[in-house]
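Participant: This structure is in structure tokens; I'll ask about it shortly.
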Amino acid sequence: MKKFLLTASAAALALAASAGYAAARDQIQIVGSSTVFPFTTAVAEKLGQGGKIKTPVVESTGTGGGMKLFCQGVGENTADFTNASRAIKDSELETCKANGVTPVEIKVGFDGIVLANSKAGAVVDLTKEQVFKALAKNVAVDGKVVPNPYKNWSDVDASLPATKIEVLGPPPTSGTRDAFVELVMDAACQEEVKAANEKGCGEIREDGAFVEAGENDNLIVQKLEANPNAFGIFGFSFLDQNADKLQGHKVDGVEPTFENIASGDYGVSRSLYVYAKKEHVGVIPGMQEFIAEYTSEGAWGPDGYLADKGLIPLPDAERAKWAENAKALKGMGS
Amino acid sequence: MTDAIASFGAGGRPVSIHTDDAAKVRLKGRYRTETWFKWLGAAAVALAGLFLVLLLSTIVTQAIPALRQNYLTLPIDLSAAKVDPAKLDAANYDAIAQEALTAKFPDVTSRQDKRLLRGLISTGTGVFLRKDIAADPGMLGGTVDYAVPLDDFADLYLKGLLADVGSDEAISTSVTPSETSGDIDLTFGDDAMLTLARGHGATEGENGMLTLTSGASSLLVAFNGGTVKLTALSPGANGTAVAKGTVIEALDSTAPAASGQAFLRVIDTPEASRKISDKMIVWLDTLKSAGLIESRFNSIFFFTGASREPELAGVWGAVVGSFLTMIVTLAIAFPIGVSAAIYLEEFAPKNRLTTIIEVNINNLAAVPSIVFGLLGLAVFLNFFGMPRSAPVVGGMVLALMTLPIIIIASRASLRAVPPSIREAALGIGASKVQTVFHHVLPLAMPGIMTGTILGMAHALGETAPLLMIGMVAFIVDIPGGFTDPATILPVQIFMWADFPEAGFQQKTSAAILILLLFLVIMNAIAVILRRRFERRW
């Protein structure tokens, strides 16, 4: 028994000692947005399958968390790339620069945000104004700002079905929620609400009509199937993958289809980005190969494998421009 | 006073308070309560059992399809013209496999159709082929029959999980085609097909023209060695029906097929609502009836790392990661925990300081696990600069979490060793250390082991603390050491549950089963240890 205890403690000590030393990293580390995660992982896997470099490690930390890790500084213990479902903020760029990090911006594609319900539910044609009225915390009624009084969709507009407003959507921590607020709520904000409260436009009602359904979109899909009257808000790729169960709805008369989002006709879509750390190029092996793979036509082109995963490609000219930028490693603010 | 205890019955005999009528009623009431309690208890157990069975059966039924994978056998040309034996890496194995597949369907010529056809086999085909050739260069030099895994949608379709597919039914009338390929006209001997199309979501236009859009069920007619998909129908002369259709597989001839010679297949799920097109279904059925598709034990799932493609995703990376993490946890938590318990129980003086330590240990056991994750992030990653996503850090964090459990369990089992053992040892002249290590500890060991294993099982199922130190990451390579990036089973389950592809739902359930199996094995070891070594005094 004594021997066993001694051996075990020796093993523990050896382990602790070995942990102190960090071998030179030969594997790319990527952090950031959960929306871009599926696409970046696909690229990472493809790169690893080539057999020349190790498959990069991709972590889903959310856009904000990813930026924090990415801008922390230069060195083996910091991430090489970060995914973002929005462009880098000025404040984040400042932090980056202060820590000696030069991000190289690559816009990789679009993501549409869709309003969908179960195929058993009603088909509706919404405008952004209607969505705002249905979901805002405060709305203007007869020129006065009041807490949202609408219970049924038909209260918002007589042409809509007389069912209870029930929308499952992302929580405030989500980039999808940020984009939804910016693209729909802010865009369709009523003047009175805007004047009454600076935060008024982005505030979503909390009386049960909007349910925060967590980041797990699969769960939202299951709940929508169970309740045909409920609507869900999520990224286009989920609608695409669950086309047998769900139907997306027109917003401002445009259907959320691959073509409409790619052409920019569908109003509720956002751009997705990947940021590379210029300082790590040449230090961590595989950085350039990863960028080259991501910006290749076989990956992000209209027939590339990322389109199969639900990424909506940029127009040809824009792709060429961003690929050029990435290849030249044009850093931001340098 | 006696009135309260006894009264007088009918015959003037005194009746005890325990035997009078009121007492009998009370007794009955007591028995009734007991019966009630018994039944309620049984019902509670039954309900719990029911939920357990429900949960397990859901997981098992979901998981079963993931245990098998469909493979397509293709004759693959590995002659020197395709693969240069000197430069194995230079060959385009994906293209070679795709050529072998397209050669099976010479009619498929358009770019889109070829792309659809290529989509039937997994995107990992080239990688498997390269690996197998590297392992067995004897494959080179000619054409070999090689089984490639099917793509996830094709696989799910064959498992019956993607669409409601009807069976072939003979058409009880003649069918005459106008051409053998392209868009053709079909003439049916009677108009039964019109009624059928109406019942399957066809939209009715002018002149009784029925159009089958992608939102309606698919009607496939197989005859003369080919398959035609109906797109529109209208009534013909003399009670016949005329249909327009697209040939998916070319017909042998334009000869009319007699009654009973043509077969109709209805796919209820409209084409727009499923991830597999009519063409892919027809191709898969052709390959299947040719005996080229076989369902095999899904070794990919058990013996490979993670992947973004459901058909290529495996749990082995997570199993190895779990194992490495558990080794670190055990190596740290067990010696420290047991030593601490021995010191506190056998050697430490009982004063205010040890009481404070004791209270703190008990409280630590109840701290939410995410707090340990934050601690790990702040101390191990940010302060000591240890690697992210590594089992060594994960193991250390889990060890911190498991320590209090091990200490508490160890102290309890040390305390359970009777004082007479200690006294006897001391009595014959053993020192305090000898007493503890030669007599008390061996007797307490089964209890300590049980506590440790249960603590480890608890740690194995943890996900939250690992969120903060980067073990919730997409990692394809199998970890080879304690500092390599790794993930663990519950984290793998967490990530798969979040992926949009339908194929991952089965994988998630299958991975849950593997995790459960792990836990059951660990608990079984704990039970066996206890049963084998436990001593009662």
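Ligands are numbered from 1 in the order shown, chains are lettered A, B, ... in the order of the structure tokens, and residues start at 1 in each chain.
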Need the shell around Lys46 (chain A): protein/DNA/RNA residues with any atom at most 9 Å away, counting only C-alpha atoms. Skip same-chain ones fewer than 4 positions apart. Format as an NGL selection string?

Facilitator: :A and (41-42 or 50 or 55 or 293)

Participant: Export, as a tab-separated table (two decimals), in the first residue's frame, the selected residues with all heavy atoms.

Facilitator:
chain	number	residue	atom	x	y	z
A	41	THR	N	-14.95	24.95	-38.75
A	41	THR	CA	-14.58	23.57	-38.46
A	41	THR	C	-14.49	22.75	-39.74
A	41	THR	O	-13.61	21.91	-39.87
A	41	THR	CB	-15.59	22.91	-37.52
A	41	THR	OG1	-16.90	23.19	-37.99
A	41	THR	CG2	-15.44	23.41	-36.11
A	42	ALA	N	-15.40	23.02	-40.69
A	42	ALA	CA	-15.36	22.29	-41.95
A	42	ALA	C	-14.05	22.57	-42.68
A	42	ALA	O	-13.41	21.66	-43.21
A	42	ALA	CB	-16.56	22.66	-42.82
A	50	GLY	N	-5.75	16.94	-45.61
A	50	GLY	CA	-4.64	17.04	-46.56
A	50	GLY	C	-3.41	16.32	-46.03
A	50	GLY	O	-2.56	15.89	-46.78
A	55	THR	N	-4.86	19.15	-37.83
A	55	THR	CA	-6.16	19.80	-37.91
A	55	THR	C	-6.26	20.90	-36.85
A	55	THR	O	-6.03	20.63	-35.67
A	55	THR	CB	-7.27	18.77	-37.67
A	55	THR	OG1	-7.02	17.65	-38.50
A	55	THR	CG2	-8.62	19.36	-38.00
A	293	GLU	N	-7.08	27.97	-47.81
A	293	GLU	CA	-8.15	27.00	-47.94
A	293	GLU	C	-9.52	27.67	-47.77
A	293	GLU	O	-10.46	27.42	-48.53
A	293	GLU	CB	-7.97	25.89	-46.89
A	293	GLU	CG	-9.09	24.85	-46.83
A	293	GLU	CD	-9.21	24.02	-48.09
A	293	GLU	OE1	-8.16	23.65	-48.65
A	293	GLU	OE2	-10.36	23.74	-48.51

Participant: Contacts from chain B to chain A, 6 Å maximum, only C-alpha atoms: show me the residue list as a list of chain:residue names.

Facilitator: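 Listed by rising number, the hits are B:Ser273, B:Arg274, B:Arg308, B:Ala331, B:Ile332, B:Pro335, B:Ala473, B:Phe474, B:Ile475, B:Asp498, B:Pro500.
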
Participant: Keeping only N, CA, C and O atoms, take the residues you just selected and write them out as a tab-separated table (two decimals), in the first residue's frame.

Facilitator:
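To be explicit, this is the file written out as out04.tsv:
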chain	number	residue	atom	x	y	z
B	273	SER	N	-39.15	19.21	-49.24
B	273	SER	CA	-39.06	19.11	-47.78
B	273	SER	C	-38.07	18.08	-47.31
B	273	SER	O	-38.04	17.73	-46.15
B	274	ARG	N	-37.29	17.51	-48.21
B	274	ARG	CA	-36.32	16.54	-47.73
B	274	ARG	C	-34.96	16.85	-48.31
B	274	ARG	O	-34.84	17.57	-49.29
B	308	ARG	N	-16.91	17.14	-38.98
B	308	ARG	CA	-18.10	17.94	-39.26
B	308	ARG	C	-19.09	17.15	-40.10
B	308	ARG	O	-20.22	17.53	-40.26
B	331	ALA	N	-4.46	10.70	-10.59
B	331	ALA	CA	-3.09	10.80	-10.10
B	331	ALA	C	-2.93	11.97	-9.12
B	331	ALA	O	-2.08	11.93	-8.24
B	332	ILE	N	-3.73	13.01	-9.31
B	332	ILE	CA	-3.61	14.15	-8.39
B	332	ILE	C	-4.55	13.99	-7.19
B	332	ILE	O	-4.14	14.12	-6.05
B	335	PRO	N	-3.87	10.52	-4.30
B	335	PRO	CA	-2.85	10.61	-3.23
B	335	PRO	C	-3.08	11.79	-2.30
B	335	PRO	O	-2.99	11.64	-1.07
B	473	ALA	N	-14.15	22.16	-27.66
B	473	ALA	CA	-13.60	22.61	-28.93
B	473	ALA	C	-13.72	21.50	-29.96
B	473	ALA	O	-13.91	20.35	-29.62
B	474	PHE	N	-13.64	21.90	-31.21
B	474	PHE	CA	-13.69	20.93	-32.29
B	474	PHE	C	-12.28	20.42	-32.52
B	474	PHE	O	-11.41	21.16	-32.98
B	475	ILE	N	-12.04	19.17	-32.15
B	475	ILE	CA	-10.70	18.60	-32.25
B	475	ILE	C	-10.80	17.29	-33.01
B	475	ILE	O	-11.51	16.38	-32.60
B	498	ASP	N	-25.72	20.07	-30.69
B	498	ASP	CA	-25.92	21.42	-31.20
B	498	ASP	C	-25.74	21.52	-32.72
B	498	ASP	O	-26.05	22.53	-33.31
B	500	PRO	N	-26.41	21.13	-36.67
B	500	PRO	CA	-27.68	21.12	-37.38
B	500	PRO	C	-27.94	19.84	-38.19
B	500	PRO	O	-29.10	19.51	-38.43

Participant: What's the 7 Å shell around Met67 (chain A), counting only C-alpha atoms, without same-chain residues fewer than 6 positions away, as a compact mmCIF listing (two decimals) with C-alpha atoms, in the first residue's frame?

Facilitator:
# COMPACT_ATOMS: atom_id res chain seq x y z
CA GLY A 32 -15.01 32.87 -31.62
CA THR A 82 -11.17 34.36 -34.28
CA GLU A 92 -11.86 45.74 -29.67

Participant: Report as a list in words all protein, DNA and RNA residues lying within 12 Å of Val141 (chain A), evaluated on only C-alpha atoms, omitting residues in the same chain fewer than 2 positions from it.

Facilitator: Lys133, Asn138, Val139, Gly143, Lys144, Val145, Val146, Pro147, Asn148, Pro149, Tyr150, Asp155, Val156, Gln190, Glu191, Glu192 and Val193 of chain A

Participant: Would you export the selected residues with N, CA and C atoms as a tab-separated table (two decimals), in the first residue's frame, please?

Facilitator:
chain	number	residue	atom	x	y	z
A	133	LYS	N	-43.56	45.50	-33.76
A	133	LYS	CA	-44.74	45.69	-32.91
A	133	LYS	C	-45.01	44.44	-32.07
A	138	ASN	N	-41.66	48.13	-25.55
A	138	ASN	CA	-42.54	49.29	-25.55
A	138	ASN	C	-42.90	49.63	-26.99
A	139	VAL	N	-44.17	49.92	-27.23
A	139	VAL	CA	-44.57	50.34	-28.57
A	139	VAL	C	-45.40	51.61	-28.46
A	143	GLY	N	-49.68	57.50	-30.63
A	143	GLY	CA	-48.70	58.53	-30.31
A	143	GLY	C	-48.13	58.46	-28.91
A	144	LYS	N	-48.61	57.50	-28.12
A	144	LYS	CA	-48.07	57.40	-26.76
A	144	LYS	C	-47.29	56.09	-26.62
A	145	VAL	N	-46.18	56.16	-25.88
A	145	VAL	CA	-45.37	54.95	-25.71
A	145	VAL	C	-45.91	54.15	-24.52
A	146	VAL	N	-46.33	52.94	-24.78
A	146	VAL	CA	-46.89	52.10	-23.71
A	146	VAL	C	-46.23	50.73	-23.74
A	147	PRO	N	-46.26	50.00	-22.62
A	147	PRO	CA	-45.78	48.61	-22.65
A	147	PRO	C	-46.60	47.82	-23.66
A	148	ASN	N	-45.91	46.94	-24.38
A	148	ASN	CA	-46.54	46.22	-25.49
A	148	ASN	C	-47.88	45.58	-25.12
A	149	PRO	N	-49.00	46.06	-25.72
A	149	PRO	CA	-50.32	45.53	-25.35
A	149	PRO	C	-50.77	44.35	-26.21
A	150	TYR	N	-50.02	44.03	-27.28
A	150	TYR	CA	-50.53	43.04	-28.24
A	150	TYR	C	-50.38	41.63	-27.71
A	155	ASP	N	-53.82	41.28	-33.40
A	155	ASP	CA	-53.84	42.61	-32.78
A	155	ASP	C	-52.82	43.53	-33.46
A	156	VAL	N	-51.73	42.94	-33.92
A	156	VAL	CA	-50.69	43.72	-34.57
A	156	VAL	C	-51.16	44.18	-35.94
A	190	GLN	N	-40.17	52.57	-34.07
A	190	GLN	CA	-41.11	53.69	-34.22
A	190	GLN	C	-40.47	54.95	-33.65
A	191	GLU	N	-40.73	56.08	-34.30
A	191	GLU	CA	-40.14	57.36	-33.88
A	191	GLU	C	-40.39	57.65	-32.41
A	192	GLU	N	-41.63	57.41	-31.99
A	192	GLU	CA	-42.01	57.73	-30.62
A	192	GLU	C	-41.19	56.93	-29.62
A	193	VAL	N	-40.98	55.64	-29.95
A	193	VAL	CA	-40.23	54.78	-29.04
A	193	VAL	C	-38.78	55.23	-28.98

Participant: Would you mind telling me which residue in A:Val108, A:Glu324, A:Ala116, A:Gly66 lies nearest to Ala307 (chain A) when using only C-alpha atoms?

Facilitator: A:Val108

Participant: Write out as an MDAnalysis selection string each polymer residue whose atoms come within 12 Å of region 427-441 of chain B, counting only C-alpha atoms; drop sequence neighbours fewer than 6 positions from it.

Facilitator: (chainID A and resid 1:5) or (chainID B and resid 338:339 341:343 345:347 410:421 447:449)

Participant: Tell me which of A:Cys96, A:Val104, A:Ile261, A:Cys189 sits closest to Ala323 (chain A), counting only C-alpha atoms.

Facilitator: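 The shortest atom-to-atom distance to Ala323 (chain A) comes from A:Val104.
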
Participant: Under the rule that only C-alpha atoms are counted, which of B:Val127, B:Leu210, B:Val108, B:Ile171 is the nearest residue to Ile96 (chain B)?

Facilitator: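 The closest residue to Ile96 (chain B) is B:Val127.
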
Participant: Run DSSP on the backbone of this structure and report the residues of region 193-366 of chain B it assigns to strand (DSSP E or B), as an MDAnalysis selection string.

Facilitator: chainID B and resid 203:204 210:211 218:223 226:235 241:249 257 263:267 293:297

Participant: Please dump the current selection as a short mmCIF file (atom, residue, chain, number, x, y, z; two decimals), in the first residue's frame; keep N, CA, C and O atoms.

Facilitator:
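The resulting file, part20.cif, is reproduced below:
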data_model
loop_
_atom_site.label_atom_id
_atom_site.label_comp_id
_atom_site.auth_asym_id
_atom_site.auth_seq_id
_atom_site.Cartn_x
_atom_site.Cartn_y
_atom_site.Cartn_z
N THR B 203 -51.39 20.23 -58.09
CA THR B 203 -52.20 21.43 -58.21
C THR B 203 -52.95 21.39 -59.53
O THR B 203 -52.38 21.09 -60.58
N GLU B 204 -54.24 21.68 -59.47
CA GLU B 204 -55.10 21.55 -60.64
C GLU B 204 -55.13 22.87 -61.41
O GLU B 204 -55.40 23.93 -60.84
N LEU B 210 -53.04 18.58 -64.23
CA LEU B 210 -52.53 18.45 -62.86
C LEU B 210 -51.01 18.60 -62.88
O LEU B 210 -50.32 17.91 -63.62
N THR B 211 -50.52 19.52 -62.06
CA THR B 211 -49.06 19.71 -62.02
C THR B 211 -48.52 19.20 -60.69
O THR B 211 -49.06 19.51 -59.64
N SER B 218 -43.79 12.78 -54.64
CA SER B 218 -43.16 12.38 -55.89
C SER B 218 -43.76 11.07 -56.38
O SER B 218 -43.90 10.13 -55.61
N LEU B 219 -44.13 11.03 -57.67
CA LEU B 219 -44.64 9.80 -58.27
C LEU B 219 -43.59 9.30 -59.26
O LEU B 219 -43.29 9.98 -60.24
N LEU B 220 -43.02 8.15 -58.97
CA LEU B 220 -41.99 7.59 -59.84
C LEU B 220 -42.54 6.32 -60.50
O LEU B 220 -43.06 5.44 -59.82
N VAL B 221 -42.40 6.27 -61.83
CA VAL B 221 -42.88 5.09 -62.55
C VAL B 221 -41.67 4.34 -63.09
O VAL B 221 -40.85 4.91 -63.81
N ALA B 222 -41.56 3.08 -62.71
CA ALA B 222 -40.42 2.27 -63.16
C ALA B 222 -40.91 1.22 -64.14
O ALA B 222 -41.83 0.46 -63.83
N PHE B 223 -40.33 1.20 -65.32
CA PHE B 223 -40.66 0.17 -66.32
C PHE B 223 -39.59 0.16 -67.40
O PHE B 223 -38.78 1.10 -67.48
N GLY B 226 -36.04 1.36 -66.69
CA GLY B 226 -35.69 2.72 -66.31
C GLY B 226 -36.72 3.30 -65.35
O GLY B 226 -37.65 2.61 -64.92
N THR B 227 -36.54 4.56 -64.99
CA THR B 227 -37.46 5.20 -64.07
C THR B 227 -37.80 6.60 -64.57
O THR B 227 -36.93 7.34 -65.04
N VAL B 228 -39.10 6.94 -64.52
CA VAL B 228 -39.57 8.25 -64.96
C VAL B 228 -40.26 8.93 -63.79
O VAL B 228 -41.06 8.32 -63.09
N LYS B 229 -39.94 10.20 -63.60
CA LYS B 229 -40.64 10.97 -62.58
C LYS B 229 -41.74 11.79 -63.25
O LYS B 229 -41.47 12.52 -64.21
N LEU B 230 -42.97 11.64 -62.76
CA LEU B 230 -44.08 12.36 -63.38
C LEU B 230 -44.06 13.82 -62.94
O LEU B 230 -43.85 14.12 -61.77
N THR B 231 -44.27 14.73 -63.90
CA THR B 231 -44.30 16.15 -63.55
C THR B 231 -45.68 16.75 -63.76
O THR B 231 -46.07 17.67 -63.06
N ALA B 232 -46.43 16.25 -64.75
CA ALA B 232 -47.78 16.78 -65.00
C ALA B 232 -48.64 15.70 -65.61
O ALA B 232 -48.15 14.80 -66.29
N LEU B 233 -49.95 15.79 -65.35
CA LEU B 233 -50.87 14.81 -65.90
C LEU B 233 -52.08 15.53 -66.46
O LEU B 233 -52.51 16.55 -65.93
N SER B 234 -52.66 14.96 -67.53
CA SER B 234 -53.94 15.50 -68.01
C SER B 234 -54.74 14.35 -68.62
O SER B 234 -54.17 13.35 -69.04
N PRO B 235 -56.08 14.51 -68.66
CA PRO B 235 -56.90 13.43 -69.21
C PRO B 235 -56.65 13.31 -70.70
O PRO B 235 -56.51 14.32 -71.40
N ALA B 241 -55.02 8.55 -69.71
CA ALA B 241 -54.37 9.70 -69.08
C ALA B 241 -53.02 9.91 -69.75
O ALA B 241 -52.33 8.96 -70.10
N VAL B 242 -52.70 11.17 -69.97
CA VAL B 242 -51.41 11.50 -70.56
C VAL B 242 -50.57 12.20 -69.51
O VAL B 242 -51.07 13.10 -68.83
N ALA B 243 -49.34 11.78 -69.38
CA ALA B 243 -48.49 12.40 -68.35
C ALA B 243 -47.21 12.91 -68.98
O ALA B 243 -46.73 12.37 -69.98
N LYS B 244 -46.71 13.99 -68.41
CA LYS B 244 -45.37 14.43 -68.78
C LYS B 244 -44.42 13.96 -67.67
O LYS B 244 -44.82 13.93 -66.50
N GLY B 245 -43.23 13.60 -68.07
CA GLY B 245 -42.31 13.12 -67.05
C GLY B 245 -40.86 13.36 -67.44
O GLY B 245 -40.55 13.66 -68.59
N THR B 246 -39.99 13.27 -66.43
CA THR B 246 -38.56 13.40 -66.67
C THR B 246 -37.92 12.05 -66.41
O THR B 246 -38.17 11.43 -65.37
N VAL B 247 -37.15 11.60 -67.37
CA VAL B 247 -36.50 10.31 -67.19
C VAL B 247 -35.32 10.47 -66.23
O VAL B 247 -34.45 11.32 -66.44
N ILE B 248 -35.33 9.67 -65.17
CA ILE B 248 -34.19 9.71 -64.25
C ILE B 248 -33.18 8.65 -64.65
O ILE B 248 -31.98 8.90 -64.68
N GLU B 249 -33.69 7.47 -65.00
CA GLU B 249 -32.82 6.43 -65.55
C GLU B 249 -33.39 6.01 -66.89
O GLU B 249 -34.58 5.72 -66.99
N ALA B 257 -45.39 -0.85 -71.95
CA ALA B 257 -45.31 -1.83 -70.89
C ALA B 257 -46.73 -2.30 -70.59
O ALA B 257 -47.63 -1.47 -70.42
N PHE B 263 -44.24 -0.23 -62.56
CA PHE B 263 -44.42 -0.12 -61.11
C PHE B 263 -44.42 1.34 -60.70
O PHE B 263 -43.67 2.15 -61.24
N LEU B 264 -45.28 1.64 -59.74
CA LEU B 264 -45.38 3.01 -59.25
C LEU B 264 -44.84 3.07 -57.83
O LEU B 264 -45.14 2.23 -56.99
N ARG B 265 -44.03 4.09 -57.60
CA ARG B 265 -43.50 4.32 -56.26
C ARG B 265 -43.90 5.73 -55.86
O ARG B 265 -43.63 6.68 -56.59
N VAL B 266 -44.57 5.84 -54.71
CA VAL B 266 -44.98 7.17 -54.23
C VAL B 266 -44.09 7.54 -53.05
O VAL B 266 -43.97 6.78 -52.10
N ILE B 267 -43.43 8.70 -53.13
CA ILE B 267 -42.66 9.19 -51.98
C ILE B 267 -43.45 10.34 -51.38
O ILE B 267 -43.58 11.41 -51.97
N ILE B 293 -24.66 -2.19 -52.18
CA ILE B 293 -24.68 -1.49 -50.90
C ILE B 293 -24.83 -2.49 -49.78
O ILE B 293 -25.68 -3.39 -49.85
N GLU B 294 -23.99 -2.36 -48.78
CA GLU B 294 -24.16 -3.23 -47.62
C GLU B 294 -24.04 -2.41 -46.34
O GLU B 294 -23.33 -1.41 -46.30
N SER B 295 -24.77 -2.86 -45.34
CA SER B 295 -24.74 -2.18 -44.06
C SER B 295 -23.74 -2.91 -43.18
O SER B 295 -23.82 -4.11 -42.99
N ARG B 296 -22.76 -2.16 -42.66
CA ARG B 296 -21.71 -2.78 -41.85
C ARG B 296 -21.72 -2.17 -40.45
O ARG B 296 -22.24 -1.09 -40.24
N PHE B 297 -21.06 -2.86 -39.56
CA PHE B 297 -20.81 -2.31 -38.23
C PHE B 297 -20.06 -0.99 -38.40
O PHE B 297 -19.12 -0.90 -39.19
#

Participant: Could you list, as a list in words, every residue within 7 Å of Ile233 (chain A), counting only C-alpha atoms and ignoring same-chain residues fewer than 3 positions away?

Facilitator: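 Listing them by chain and then by number gives Ile113, Val114, Leu115, Ala116, Leu168 and Gly169 of chain A.
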
Participant: Output N, CA, C and O atoms for every residue in the selection just made, as a PDB file, in the first residue's frame.

Facilitator:
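out_23.pdb, written as the output of this step:
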ATOM      1  N   ILE A 113     -31.013  35.647 -41.089  1.00  0.00           N
ATOM      2  CA  ILE A 113     -31.754  35.303 -39.875  1.00  0.00           C
ATOM      3  C   ILE A 113     -33.201  35.130 -40.293  1.00  0.00           C
ATOM      4  O   ILE A 113     -33.775  36.008 -40.939  1.00  0.00           O
ATOM      5  N   VAL A 114     -33.775  33.984 -39.956  1.00  0.00           N
ATOM      6  CA  VAL A 114     -35.117  33.701 -40.456  1.00  0.00           C
ATOM      7  C   VAL A 114     -36.113  33.556 -39.312  1.00  0.00           C
ATOM      8  O   VAL A 114     -35.759  33.237 -38.185  1.00  0.00           O
ATOM      9  N   LEU A 115     -37.349  33.840 -39.665  1.00  0.00           N
ATOM     10  CA  LEU A 115     -38.481  33.588 -38.769  1.00  0.00           C
ATOM     11  C   LEU A 115     -39.165  32.365 -39.344  1.00  0.00           C
ATOM     12  O   LEU A 115     -39.588  32.378 -40.490  1.00  0.00           O
ATOM     13  N   ALA A 116     -39.258  31.319 -38.562  1.00  0.00           N
ATOM     14  CA  ALA A 116     -39.826  30.095 -39.121  1.00  0.00           C
ATOM     15  C   ALA A 116     -40.792  29.466 -38.139  1.00  0.00           C
ATOM     16  O   ALA A 116     -40.741  29.739 -36.936  1.00  0.00           O
ATOM     17  N   LEU A 168     -39.875  31.982 -30.143  1.00  0.00           N
ATOM     18  CA  LEU A 168     -38.693  31.443 -29.457  1.00  0.00           C
ATOM     19  C   LEU A 168     -37.469  32.041 -30.126  1.00  0.00           C
ATOM     20  O   LEU A 168     -37.320  31.952 -31.341  1.00  0.00           O
ATOM     21  N   GLY A 169     -36.639  32.667 -29.341  1.00  0.00           N
ATOM     22  CA  GLY A 169     -35.493  33.312 -29.957  1.00  0.00           C
ATOM     23  C   GLY A 169     -34.244  33.184 -29.122  1.00  0.00           C
ATOM     24  O   GLY A 169     -34.257  32.626 -28.023  1.00  0.00           O
TER      25      GLY A 169
END

Participant: Please provide as a PDB file with N, CA and C atoms, in the first residue's frame all residues within 7 Å of region 154-156 of chain B, with the sequence filter that same-chain residues fewer than 5 positions apart are discarded (counting only C-alpha atoms).

Facilitator:
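Final file, result18.pdb:
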ATOM      1  N   GLN B  69     -23.378   1.503 -40.590  1.00  0.00           N
ATOM      2  CA  GLN B  69     -23.135   2.497 -41.634  1.00  0.00           C
ATOM      3  C   GLN B  69     -23.206   1.774 -42.970  1.00  0.00           C
ATOM      4  N   ASN B  70     -23.818   2.421 -43.959  1.00  0.00           N
ATOM      5  CA  ASN B  70     -23.941   1.803 -45.274  1.00  0.00           C
ATOM      6  C   ASN B  70     -22.711   2.098 -46.124  1.00  0.00           C
ATOM      7  N   LEU B 120     -23.493  11.293 -53.249  1.00  0.00           N
ATOM      8  CA  LEU B 120     -23.945  10.058 -52.603  1.00  0.00           C
ATOM      9  C   LEU B 120     -22.867   9.452 -51.717  1.00  0.00           C
ATOM     10  N   LEU B 161     -34.756   6.994 -42.392  1.00  0.00           N
ATOM     11  CA  LEU B 161     -34.942   8.091 -41.448  1.00  0.00           C
ATOM     12  C   LEU B 161     -35.153   9.432 -42.130  1.00  0.00           C
ATOM     13  N   LEU B 162     -35.148   9.457 -43.449  1.00  0.00           N
ATOM     14  CA  LEU B 162     -35.173  10.753 -44.113  1.00  0.00           C
ATOM     15  C   LEU B 162     -36.498  11.055 -44.805  1.00  0.00           C
TER      16      LEU B 162
END

Participant: DSSP on the backbone, helix (DSSP H, G or I) only: what residues of region 82-210 of chain B does that give? Format it as a PyMOL selection string.

Facilitator: chain B and resi 88-90+93-104+111-118+125-135+137-139+152-158+192-199+206-208
